[in-house]
>>> print(open('final_38.csv').read())   # CSV, C-alpha atoms
chain,number,residue,atom,x,y,z
C,79,MET,CA,0.0,0.0,0.0
C,80,SER,CA,1.4,3.4,-1.0
C,81,PRO,CA,1.6,6.2,1.6
C,82,ALA,CA,-0.6,9.2,1.4
C,83,ARG,CA,0.7,12.1,-0.7
C,84,GLU,CA,0.8,14.4,2.4
C,85,GLU,CA,2.9,11.8,4.2
C,86,VAL,CA,5.3,11.7,1.2
C,87,ARG,CA,5.6,15.5,1.2
C,88,ARG,CA,6.4,15.4,4.9
C,89,ALA,CA,9.0,12.7,4.3
C,90,ARG,CA,10.6,14.9,1.6
C,91,TYR,CA,11.2,17.7,4.1
C,92,ALA,CA,12.5,15.2,6.6
C,93,VAL,CA,15.0,13.7,4.1
C,94,ALA,CA,16.0,17.3,3.2
C,95,ALA,CA,16.8,18.0,6.8
C,96,VAL,CA,18.8,14.7,6.9
C,97,PHE,CA,20.9,15.9,3.9
C,98,ALA,CA,21.5,19.2,5.7
C,99,VAL,CA,22.7,17.4,8.9
C,100,HIS,CA,25.0,15.2,6.8
C,101,GLY,CA,26.4,18.3,5.1
C,102,SER,CA,26.9,20.1,8.4
C,103,VAL,CA,29.2,17.4,9.6
C,104,THR,CA,31.4,17.8,6.5
C,105,GLY,CA,31.5,21.6,6.8
C,106,SER,CA,32.3,21.5,10.5
C,107,PHE,CA,35.2,19.1,9.9
C,108,ALA,CA,36.7,21.0,6.9
C,109,THR,CA,37.2,24.2,8.9
C,110,ARG,CA,39.2,22.5,11.6
C,111,VAL,CA,41.7,20.5,9.5
C,112,PRO,CA,44.5,22.9,10.3
C,113,TRP,CA,43.9,22.3,14.0
C,114,ILE,CA,43.8,18.6,13.5
C,115,ARG,CA,47.1,18.7,11.6
C,116,GLU,CA,48.8,20.7,14.3
C,117,HIS,CA,47.4,18.6,17.1
C,118,ALA,CA,48.7,15.4,15.4
C,119,GLY,CA,52.0,17.0,14.5
C,120,LEU,CA,51.7,16.1,10.8
C,121,SER,CA,53.5,17.4,7.7
C,122,ALA,CA,51.4,18.4,4.6
C,123,GLY,CA,52.2,15.1,3.0
C,124,GLN,CA,51.2,13.1,6.0
C,125,LEU,CA,48.0,15.0,6.3
C,126,GLY,CA,47.2,14.3,2.6
C,127,PHE,CA,47.9,10.6,3.2
C,128,ALA,CA,45.6,10.6,6.3
C,129,LEU,CA,42.8,12.4,4.5
C,130,ALA,CA,42.8,9.7,1.8
C,131,PHE,CA,41.5,7.2,4.4
C,132,THR,CA,38.2,9.1,4.5
C,133,ALA,CA,37.4,8.2,0.9
C,134,PHE,CA,38.9,4.7,1.4
C,135,GLY,CA,36.7,4.1,4.4
C,136,ALA,CA,33.6,5.3,2.5
C,137,ALA,CA,34.4,3.1,-0.6
C,138,CYS,CA,34.8,0.0,1.6
C,139,ALA,CA,31.7,0.5,3.7
C,140,MET,CA,29.1,1.9,1.2
C,141,PRO,CA,28.2,-1.6,-0.2
C,142,LEU,CA,27.1,-2.6,3.3
C,143,ALA,CA,24.4,0.1,3.5
C,144,GLY,CA,21.9,-2.0,1.4
C,145,ARG,CA,22.3,-4.9,3.7
C,146,VAL,CA,21.8,-2.8,6.8
C,147,THR,CA,18.7,-1.2,5.3
C,148,HIS,CA,17.2,-4.6,4.3
C,149,ARG,CA,17.8,-5.9,7.9
C,150,PHE,CA,16.4,-3.0,9.8
C,151,GLY,CA,14.1,-1.1,7.4
C,152,SER,CA,15.0,2.3,5.9
C,153,ARG,CA,14.0,4.5,8.8
C,154,ALA,CA,15.8,2.6,11.6
C,155,ALA,CA,18.8,2.1,9.3
C,156,LEU,CA,19.0,5.8,8.4
C,157,ARG,CA,18.6,6.9,12.0
C,158,GLY,CA,21.4,4.5,13.2
C,159,LEU,CA,23.8,5.3,10.3
C,160,LEU,CA,23.2,9.0,10.5
C,161,ALA,CA,23.9,8.9,14.3
C,162,MET,CA,27.1,7.0,13.6
C,163,TRP,CA,28.2,9.7,11.2
C,164,THR,CA,27.4,12.7,13.5
C,165,LEU,CA,29.2,11.0,16.4
C,166,ALA,CA,32.2,10.1,14.2
C,167,LEU,CA,32.9,13.8,13.9
C,168,VAL,CA,34.6,13.7,17.3
C,169,LEU,CA,37.1,11.0,16.3
C,170,PRO,CA,39.6,13.0,14.2
C,171,SER,CA,40.0,15.6,16.9
C,172,LEU,CA,41.1,13.0,19.4
C,173,ALA,CA,43.9,11.5,17.2
C,174,PRO,CA,47.4,12.3,18.6
C,175,ASN,CA,49.4,11.0,15.7
C,176,LEU,CA,49.3,9.8,12.1
C,177,VAL,CA,48.3,6.2,12.7
C,178,THR,CA,45.4,7.1,15.0
C,179,LEU,CA,44.3,9.8,12.6
C,180,CYS,CA,44.2,7.4,9.7
C,181,LEU,CA,42.1,5.0,11.8
C,182,ALA,CA,39.8,7.8,12.9
C,183,LEU,CA,39.3,9.0,9.3
C,184,PHE,CA,38.6,5.5,8.0
C,185,ALA,CA,35.8,5.2,10.6
C,186,TYR,CA,34.7,8.8,9.8
C,187,GLY,CA,34.6,8.0,6.1
C,188,ALA,CA,32.9,4.6,6.5
C,189,SER,CA,30.0,6.1,8.5
C,190,SER,CA,29.7,9.0,6.1
C,191,GLY,CA,29.5,6.7,3.1
C,192,MET,CA,26.8,4.3,4.6
C,193,ALA,CA,24.6,7.2,5.7
C,194,ASP,CA,25.1,8.8,2.3
C,195,VAL,CA,23.8,5.7,0.5
C,196,ALA,CA,20.8,5.3,2.9
C,197,MET,CA,19.7,8.9,2.6
C,198,ASN,CA,20.0,9.0,-1.2
C,199,ALA,CA,18.1,5.7,-1.5
C,200,LEU,CA,15.2,7.3,0.5
C,201,GLY,CA,15.5,10.4,-1.6
C,202,VAL,CA,15.0,8.3,-4.7
C,203,GLU,CA,12.0,6.6,-3.1
C,204,VAL,CA,10.4,10.0,-2.3
C,205,GLU,CA,11.1,11.2,-5.9
C,206,ARG,CA,9.4,8.1,-7.3
C,207,LEU,CA,6.3,8.5,-5.2
C,208,LEU,CA,6.0,12.2,-5.9
C,209,GLY,CA,6.6,11.6,-9.6
C,210,LYS,CA,8.9,14.6,-10.0
C,211,SER,CA,12.6,15.4,-9.6
C,212,VAL,CA,13.6,16.3,-6.0
C,213,MET,CA,17.2,15.0,-5.8
C,214,SER,CA,18.8,18.2,-6.9
C,215,GLY,CA,17.1,20.1,-4.1
C,216,LEU,CA,18.1,17.5,-1.6
C,217,HIS,CA,21.7,17.8,-2.5
C,218,GLY,CA,21.2,21.6,-2.4
C,219,MET,CA,20.2,21.2,1.2
C,220,TRP,CA,23.4,19.2,1.7
C,221,SER,CA,25.4,22.1,0.3
C,222,ALA,CA,23.5,24.5,2.6
C,223,GLY,CA,24.2,22.4,5.6
C,224,ALA,CA,27.9,22.3,4.6
C,225,LEU,CA,28.0,26.1,4.4
C,226,THR,CA,26.3,26.3,7.8
C,227,GLY,CA,28.7,23.9,9.4
C,228,SER,CA,31.6,25.7,7.8
C,229,ALA,CA,30.4,29.1,9.1
C,230,ALA,CA,30.1,27.7,12.6
C,231,GLY,CA,33.5,26.1,12.4
C,232,THR,CA,35.1,29.3,11.1
C,233,LEU,CA,33.6,31.2,14.1
C,234,ALA,CA,35.0,28.5,16.4
C,235,ALA,CA,38.4,28.7,14.8
C,236,HIS,CA,38.4,32.5,15.0
C,237,LEU,CA,37.6,32.3,18.7
C,238,GLY,CA,40.5,29.8,19.2
C,239,ALA,CA,38.2,27.1,20.5
C,240,ASP,CA,39.6,23.6,21.0
C,241,ALA,CA,38.4,21.4,18.1
C,242,ARG,CA,37.6,18.6,20.6
C,243,VAL,CA,35.1,20.9,22.4
C,244,HIS,CA,33.8,22.3,19.1
C,245,PHE,CA,33.3,18.8,17.6
C,246,ALA,CA,31.7,17.4,20.8
C,247,LEU,CA,29.1,20.2,20.9
C,248,ALA,CA,28.4,20.1,17.2
C,249,SER,CA,28.2,16.3,17.3
C,250,ALA,CA,25.7,16.4,20.1
C,251,VAL,CA,23.4,19.0,18.4
C,252,LEU,CA,23.5,17.3,15.1
C,253,THR,CA,22.9,13.8,16.5
C,254,VAL,CA,19.8,15.0,18.3
C,255,LEU,CA,18.6,16.9,15.3
C,256,GLY,CA,19.3,14.0,12.9
C,257,CYS,CA,17.6,11.3,15.1
C,258,THR,CA,14.6,13.6,15.5
C,259,VAL,CA,13.9,14.3,11.8
C,260,CYS,CA,14.4,10.6,11.0
C,261,ALA,CA,11.1,10.0,12.7
C,262,TRP,CA,9.3,11.5,9.6
C,263,VAL,CA,11.2,9.7,6.8
C,264,LEU,CA,9.6,6.9,4.9
C,265,ASP,CA,9.9,3.4,6.5
C,266,VAL,CA,10.5,1.2,3.5
C,267,GLN,CA,10.4,-2.5,4.5
C,268,PRO,CA,11.5,-5.4,2.3
C,269,ALA,CA,8.9,-7.8,1.0
C,270,GLU,CA,8.7,-11.1,2.9
C,271,ASP,CA,10.1,-13.1,0.0
C,272,GLU,CA,12.8,-10.5,-0.9
C,273,GLU,CA,16.4,-11.9,-0.7
C,274,PRO,CA,18.8,-9.8,1.3
C,275,PRO,CA,21.4,-8.0,-0.8
C,276,PRO,CA,25.0,-9.5,-0.7
C,277,ARG,CA,27.3,-8.0,1.9
C,278,PHE,CA,29.7,-7.0,-0.8
C,279,ALA,CA,29.0,-7.0,-4.6
C,280,LEU,CA,30.4,-5.3,-7.6
C,281,PRO,CA,28.1,-2.5,-8.8
C,282,PRO,CA,25.9,-3.3,-11.8
C,283,ARG,CA,27.2,-2.2,-15.3
C,284,SER,CA,24.5,0.5,-15.4
C,285,ALA,CA,25.8,2.0,-12.2
C,286,LEU,CA,29.4,2.1,-13.7
C,287,LEU,CA,28.2,4.0,-16.7
C,288,ILE,CA,26.2,6.5,-14.6
C,289,GLY,CA,29.2,6.7,-12.3
C,290,ALA,CA,31.4,7.7,-15.1
C,291,VAL,CA,29.3,10.8,-15.7
C,292,GLY,CA,29.4,11.5,-12.0
C,293,PHE,CA,33.2,11.0,-12.1
C,294,CYS,CA,33.5,13.9,-14.6
C,295,ALA,CA,31.4,16.2,-12.5
C,296,VAL,CA,33.0,15.4,-9.2
C,297,PHE,CA,36.5,15.7,-10.7
C,298,ALA,CA,35.6,19.2,-12.0
C,299,GLU,CA,34.0,20.0,-8.6
C,300,GLY,CA,37.1,18.9,-6.7
C,301,ALA,CA,39.4,20.8,-9.0
C,302,THR,CA,37.3,24.0,-8.7
C,303,LEU,CA,37.0,23.9,-4.9
C,304,ASP,CA,40.6,22.9,-4.1
C,305,TRP,CA,42.5,24.8,-6.8
C,306,SER,CA,40.5,27.9,-7.8
C,307,ALA,CA,42.1,30.0,-5.0
C,308,VAL,CA,45.5,28.7,-5.9
C,309,PHE,CA,44.9,29.4,-9.6
C,310,LEU,CA,43.9,33.0,-9.0
C,311,LYS,CA,46.8,33.7,-6.6
C,312,ASP,CA,49.6,32.0,-8.5
C,313,ARG,CA,48.6,32.4,-12.1
C,314,LEU,CA,46.8,35.8,-12.0
C,315,ASP,CA,48.6,37.3,-9.0
C,316,SER,CA,45.4,38.0,-7.0
C,317,SER,CA,45.3,38.9,-3.4
C,318,ALA,CA,44.7,36.1,-0.8
C,319,GLY,CA,41.2,37.5,0.0
C,320,LEU,CA,40.1,37.7,-3.6
C,321,ALA,CA,41.5,34.2,-4.3
C,322,ALA,CA,39.6,32.8,-1.3
C,323,SER,CA,36.4,34.4,-2.5
C,324,ALA,CA,36.5,32.3,-5.7
C,325,THR,CA,36.1,29.2,-3.7
C,326,THR,CA,33.3,30.6,-1.6
C,327,GLY,CA,31.6,31.9,-4.7
C,328,SER,CA,31.7,28.5,-6.4
C,329,MET,CA,30.2,26.8,-3.3
C,330,LEU,CA,27.4,29.3,-3.2
C,331,THR,CA,26.7,29.0,-6.9
C,332,MET,CA,26.5,25.2,-6.6
C,333,ALA,CA,24.2,25.4,-3.6
C,334,VAL,CA,21.8,27.8,-5.2
C,335,ALA,CA,21.8,25.9,-8.5
C,336,ARG,CA,21.1,22.6,-6.8
C,337,ILE,CA,18.2,24.1,-4.8
C,338,ALA,CA,16.7,25.6,-8.0
C,339,GLY,CA,17.7,22.6,-10.2
C,340,ASP,CA,14.6,20.5,-9.6
C,341,ALA,CA,12.4,23.0,-11.5
C,342,VAL,CA,14.8,22.9,-14.5
C,343,VAL,CA,14.9,19.1,-14.4
C,344,ASN,CA,11.1,18.8,-14.2
C,345,ARG,CA,10.8,21.2,-17.2
C,346,PHE,CA,13.5,19.9,-19.5
C,347,GLY,CA,14.4,16.4,-18.2
C,348,ALA,CA,17.6,15.0,-16.8
C,349,VAL,CA,19.4,14.4,-20.0
C,350,ARG,CA,19.0,17.8,-21.5
C,351,THR,CA,19.7,19.5,-18.2
C,352,VAL,CA,23.0,17.6,-17.9
C,353,ARG,CA,24.0,18.3,-21.5
C,354,ALA,CA,23.3,22.0,-21.0
C,355,GLY,CA,25.3,21.9,-17.8
C,356,GLY,CA,28.1,20.2,-19.6
C,357,VAL,CA,28.2,23.0,-22.2
C,358,LEU,CA,28.2,25.7,-19.4
C,359,ALA,CA,31.1,23.8,-17.6
C,360,VAL,CA,33.1,23.6,-20.8
C,361,LEU,CA,32.6,27.3,-21.4
C,362,GLY,CA,33.6,28.0,-17.9
C,363,GLY,CA,36.7,25.9,-18.3
C,364,LEU,CA,37.7,27.7,-21.5
C,365,LEU,CA,37.3,31.0,-19.8
C,366,ILE,CA,39.5,29.9,-16.9
C,367,VAL,CA,42.2,28.6,-19.2
C,368,LEU,CA,42.2,31.8,-21.3
C,369,ALA,CA,41.8,34.2,-18.4
C,370,ARG,CA,44.2,37.1,-18.1
C,371,HIS,CA,42.2,38.9,-15.4
C,372,PRO,CA,40.8,37.6,-12.0
C,373,ALA,CA,37.3,38.6,-13.0
C,374,ALA,CA,37.3,36.4,-16.1
C,375,ALA,CA,38.7,33.4,-14.1
C,376,MET,CA,36.1,33.9,-11.3
C,377,THR,CA,33.3,34.0,-13.9
C,378,GLY,CA,34.7,30.8,-15.4
C,379,PHE,CA,34.7,29.1,-12.0
C,380,ALA,CA,31.1,30.3,-11.4
C,381,LEU,CA,30.0,28.8,-14.7
C,382,MET,CA,31.9,25.6,-14.0
C,383,GLY,CA,30.0,25.3,-10.6
C,384,LEU,CA,26.7,26.2,-12.2
C,385,GLY,CA,27.2,23.6,-15.0
C,386,ILE,CA,28.1,20.6,-12.7
C,387,ALA,CA,25.8,21.5,-9.8
C,388,VAL,CA,23.0,19.1,-10.6
C,389,VAL,CA,24.9,16.3,-12.2
C,390,VAL,CA,25.7,14.2,-9.1
C,391,PRO,CA,22.1,14.3,-7.7
C,392,LEU,CA,20.8,13.2,-11.1
C,393,CYS,CA,23.4,10.4,-11.2
C,394,PHE,CA,22.1,9.1,-7.9
C,395,ALA,CA,18.5,9.4,-9.1
C,396,ALA,CA,19.3,7.6,-12.3
C,397,ALA,CA,21.1,4.8,-10.4
C,398,GLY,CA,18.1,4.4,-8.0
C,399,HIS,CA,15.7,4.1,-11.0
C,400,ALA,CA,17.9,1.9,-13.1
C,401,GLY,CA,17.5,-1.4,-11.3
C,402,PRO,CA,15.7,-3.5,-8.7
C,403,ASN,CA,18.2,-2.7,-5.9
C,404,PRO,CA,18.5,1.1,-5.5
C,405,SER,CA,20.9,0.9,-2.6
C,406,GLN,CA,23.4,-1.3,-4.5
C,407,ALA,CA,23.3,0.8,-7.6
C,408,ILE,CA,23.6,4.1,-5.6
C,409,ALA,CA,26.5,2.6,-3.7
C,410,GLY,CA,28.2,1.8,-7.0
C,411,VAL,CA,27.8,5.3,-8.3
C,412,ALA,CA,28.9,6.8,-5.0
C,413,THR,CA,32.0,4.6,-5.0
C,414,VAL,CA,33.0,5.9,-8.4
C,415,THR,CA,32.3,9.5,-7.5
C,416,TYR,CA,34.2,9.3,-4.2
C,417,THR,CA,37.2,7.9,-6.1
C,418,SER,CA,37.0,10.9,-8.4
C,419,GLY,CA,36.9,13.3,-5.5
C,420,LEU,CA,39.9,11.5,-4.0
C,421,ILE,CA,42.2,11.6,-7.1
C,422,ALA,CA,41.2,15.0,-8.5
C,423,PRO,CA,43.1,17.3,-6.2
C,424,SER,CA,46.3,15.2,-6.4
C,425,LEU,CA,46.1,14.7,-10.1
C,426,ILE,CA,45.6,18.4,-10.7
C,427,GLY,CA,48.6,19.1,-8.5
C,428,GLY,CA,50.7,16.5,-10.3
C,429,VAL,CA,49.8,17.9,-13.8
C,430,ALA,CA,50.5,21.4,-12.5
C,431,GLN,CA,53.9,20.4,-11.1
C,432,ALA,CA,54.9,18.8,-14.4
C,433,THR,CA,53.4,21.5,-16.7
C,434,SER,CA,51.2,24.3,-15.4
C,435,LEU,CA,47.9,25.0,-13.7
C,436,MET,CA,46.6,26.1,-17.1
C,437,VAL,CA,47.2,22.6,-18.5
C,438,SER,CA,45.5,21.1,-15.4
C,439,PHE,CA,42.4,23.0,-16.1
C,440,CYS,CA,42.6,21.9,-19.8
C,441,VAL,CA,42.2,18.4,-18.4
C,442,VAL,CA,39.2,19.5,-16.3
C,443,THR,CA,37.6,21.1,-19.3
C,444,ALA,CA,38.1,18.0,-21.4
C,445,LEU,CA,36.4,15.9,-18.7
C,446,ALA,CA,33.5,18.4,-18.6
C,447,CYS,CA,33.0,17.6,-22.3
C,448,GLY,CA,32.0,14.1,-21.1
C,449,LEU,CA,29.0,15.5,-19.4
C,450,ALA,CA,27.5,16.8,-22.7
C,451,LEU,CA,28.6,13.7,-24.6
C,452,PHE,CA,27.4,11.0,-22.3
C,453,ALA,CA,24.4,12.5,-20.6
C,454,GLY,CA,22.2,10.0,-22.3
C,455,VAL,CA,23.1,7.3,-19.8
C,456,LEU,CA,21.0,9.2,-17.2
C,457,ARG,CA,17.8,8.5,-19.2
C,458,ALA,CA,16.8,6.1,-16.5
C,459,ALA,CA,16.2,9.1,-14.2
C,460,GLU,CA,13.7,10.5,-16.8
C,461,ARG,CA,11.9,7.1,-17.0
C,462,GLY,CA,11.6,7.3,-13.2
C,463,GLU,CA,10.2,10.8,-13.1
C,464,GLY,CA,6.5,10.8,-13.2
C,465,ALA,CA,6.2,7.0,-12.8
C,466,GLU,CA,3.4,5.9,-10.7
C,467,ALA,CA,4.1,3.9,-7.5
C,468,ASP,CA,4.1,0.2,-8.1
C,469,PRO,CA,1.6,-1.4,-5.7
C,470,ARG,CA,3.9,-4.4,-5.5
C,471,SER,CA,6.8,-2.3,-4.2
C,472,SER,CA,8.0,-2.5,-0.6
C,473,ALA,CA,5.5,-1.5,2.0
C,474,VAL,CA,5.8,2.0,3.6
C,475,SER,CA,4.5,2.7,7.1
C,476,GLY,CA,3.6,6.0,8.5
C,477,PRO,CA,5.9,8.2,10.6
C,478,HIS,CA,6.0,7.7,14.4
C,479,PRO,CA,7.3,10.9,16.0
>>> encode(input="final_38.csv", output="structure tokens")
Amino acid sequence: MSPAREEVRRARYAVAAVFAVHGSVTGSFATRVPWIREHAGLSAGQLGFALAFTAFGAACAMPLAGRVTHRFGSRAALRGLLAMWTLALVLPSLAPNLVTLCLALFAYGASSGMADVAMNALGVEVERLLGKSVMSGLHGMWSAGALTGSAAGTLAAHLGADARVHFALASAVLTVLGCTVCAWVLDVQPAEDEEPPPRFALPPRSALLIGAVGFCAVFAEGATLDWSAVFLKDRLDSSAGLAASATTGSMLTMAVARIAGDAVVNRFGAVRTVRAGGVLAVLGGLLIVLARHPAAAMTGFALMGLGIAVVVPLCFAAAGHAGPNPSQAIAGVATVTYTSGLIAPSLIGGVAQATSLMVSFCVVTALACGLALFAGVLRAAERGEGAEADPRSSAVSGPHP
């Protein structure tokens, strides 16, 4: 039996709040990385090595999310996994050296990845029941949460607060908030005769194709967020403040575009939206490469952010609609995109070291072309939009505040 439409709308807002909580943890952590590095006594190279364990932990643990959801139901699974993620925020601040920090970040990344898969799977279910695109807006709420967490973390750092205290307070608030809003998400239960998903399984081929599109977008996103300030400062001799504003501007552009993106997707469809976004990203990349003035480069970074903003949400939506096991497909896409986010900053740096930053962003621009060329693999998301709920699908029970 399908849930009432009012219940689904309420669940949409609840899942949006979950995305914001998840993003707030990431934003909080990012602002205190310098404190964590100093506390653990690490060099820049050691810090980069430790941070890689975040993506490694996520990639290892994400395939488990489907099994957990099948065992406990979507609501209980999301509540538990989200609480693990918000509580894991404290771990990196307690690490006194490289080894313990690597272990802490592995656990931090693992909990992040599993919660990520669970909340995206529920977002896809809400989208299916509403019959219209909502995933872009949900990811926009993640970006808004990240900005909020970043703002609070910046204030804490400015006040000289100990990150252990900051993270403990943030973790407590976000855990309570996350567990509370999970009471209103959909409770999708497996059918009695449904086989549990395997503990570990290779992602389906469809997820790999969709993930390749997400790879291009996340690579461009990582390059923009991590290297835009360096590009302006080193290549165009901008001030530190102006260079930093390019990163903030890109984050704001992406957040606004994601929140507004559902209306565009509902009007033009996922494929055409991603193709148009790919064209914007390529134009932005060309403007960056050819820039001789900071204003031109900043415009290019803004166009890049605008072009890639909705791609990852639509990749998750397409994965969720493409097969019988949304969690497994979403985990596959997430694994590919996490890998892209891991290798992008280091690859950009390696190419820049061997050649120049201009050549690095030529690589980014070339990958952005892939968005326009291969957007057709997201057609599964368009088939999912507007589809009526299947009465044979998993039962959904009402929320219990």
>>> closest_atom_pairs(input="final_38.csv", of="stretch 183-290 of chain C", to="stretch 95-110 of chain C", cutoff="10 Å", atoms="all atoms listed in the file", output="tab-separated table")
residue	atom	partner	partner_atom	distance
C:Ser190	CA	C:His100	CA	7.8
C:Ala193	CA	C:His100	CA	8.1
C:Asp194	CA	C:His100	CA	7.8
C:Met197	CA	C:Phe97	CA	7.2
C:Asn198	CA	C:Phe97	CA	8.6
C:Gly201	CA	C:Phe97	CA	9.5
C:Gly215	CA	C:Phe97	CA	9.8
C:Leu216	CA	C:Phe97	CA	6.4
C:His217	CA	C:Phe97	CA	6.7
C:Gly218	CA	C:Ala98	CA	8.5
C:Met219	CA	C:Ala98	CA	5.1
C:Trp220	CA	C:Ala98	CA	4.4
C:Ser221	CA	C:Gly101	CA	6.2
C:Ala222	CA	C:Ala98	CA	6.5
C:Gly223	CA	C:Ala98	CA	4.2
C:Ala224	CA	C:Gly105	CA	4.3
C:Leu225	CA	C:Gly105	CA	6.2
C:Thr226	CA	C:Ser102	CA	6.3
C:Gly227	CA	C:Ser102	CA	4.3
C:Ser228	CA	C:Gly105	CA	4.2
C:Ala229	CA	C:Gly105	CA	7.9
C:Ala230	CA	C:Ser106	CA	6.9
C:Gly231	CA	C:Ser106	CA	5.1
C:Thr232	CA	C:Thr109	CA	5.9
C:Leu233	CA	C:Thr109	CA	9.4
C:Ala234	CA	C:Arg110	CA	8.8
C:Ala235	CA	C:Arg110	CA	7.0
C:Asp240	CA	C:Arg110	CA	9.5
C:Ala241	CA	C:Arg110	CA	6.6
C:Arg242	CA	C:Arg110	CA	9.9
C:His244	CA	C:Ser106	CA	8.8
C:Phe245	CA	C:Ser106	CA	7.7
C:Ala248	CA	C:Ser106	CA	7.9
C:Ser249	CA	C:Val103	CA	7.8
C:Val251	CA	C:Val99	CA	9.7
C:Leu252	CA	C:Val99	CA	6.3
C:Thr253	CA	C:Val99	CA	8.4
C:Leu255	CA	C:Val99	CA	7.6
C:Gly256	CA	C:Val96	CA	6.1
C:Cys257	CA	C:Val96	CA	9.0
C:Thr258	CA	C:Val96	CA	9.6
C:Val259	CA	C:Ala95	CA	6.9
C:Cys260	CA	C:Val96	CA	7.3
C:Val263	CA	C:Val96	CA	9.1
>>> residues_near_point(input="final_38.csv", point="(22.0, 22.8, -5.0)", cutoff="6 Å", atoms="all atoms listed in the file", output="JSON, numbers by chain")
{"C": [214, 215, 217, 218, 332, 333, 334, 335, 336, 337]}
>>> residues_around(input="final_38.csv", residues="stretch 367-371 of chain C", least_positions_apart="5", cutoff="7 Å", atoms="all atoms listed in the file", output="list of chain:residue names")
C:Leu314, C:Met436, C:Phe439, C:Cys440
>>> atom_distance(input="final_38.csv", atom1="atom CA of C:Glu116", atom2="atom CA of C:Gly191")
26.3 Å
>>> closest_residue(input="final_38.csv", among="C:Met329, C:Ala395, C:Ala89, C:Val442", to="C:Leu361", atoms="all atoms listed in the file")
C:Val442
>>> residues_around(input="final_38.csv", residues="C:Val360", least_positions_apart="6", cutoff="7 Å", atoms="all atoms listed in the file", output="VMD selection string")
chain C and resid 443 446 to 447
>>> write_last_selection(input="final_38.csv", atoms="C-alpha atoms", output="short mmCIF file (atom, residue, chain, number, x, y, z; two decimals), in the frame of the given file")
data_model
loop_
_atom_site.label_atom_id
_atom_site.label_comp_id
_atom_site.auth_asym_id
_atom_site.auth_seq_id
_atom_site.Cartn_x
_atom_site.Cartn_y
_atom_site.Cartn_z
CA THR C 443 37.60 21.10 -19.30
CA ALA C 446 33.50 18.40 -18.60
CA CYS C 447 33.00 17.60 -22.30
#
>>> atom_distance(input="final_38.csv", atom1="atom CA of C:Ala318", atom2="atom CA of C:Leu364")
23.4 Å
>>> closest_residue(input="final_38.csv", among="C:Lys210, C:His117, C:Arg88, C:Arg153", to="C:Gly339", atoms="only C-alpha atoms")
C:Lys210
>>> residues_around(input="final_38.csv", residues="C:Ala298", least_positions_apart="4", cutoff="10 Å", atoms="all atoms listed in the file", output="number ranges by chain")
C: 292-294, 302-303, 359, 363, 379, 382-383, 385-386, 418-419, 422-423, 439, 441-446
>>> atom_distance(input="final_38.csv", atom1="atom CA of C:Ser323", atom2="atom CA of C:Ala307")
7.6 Å
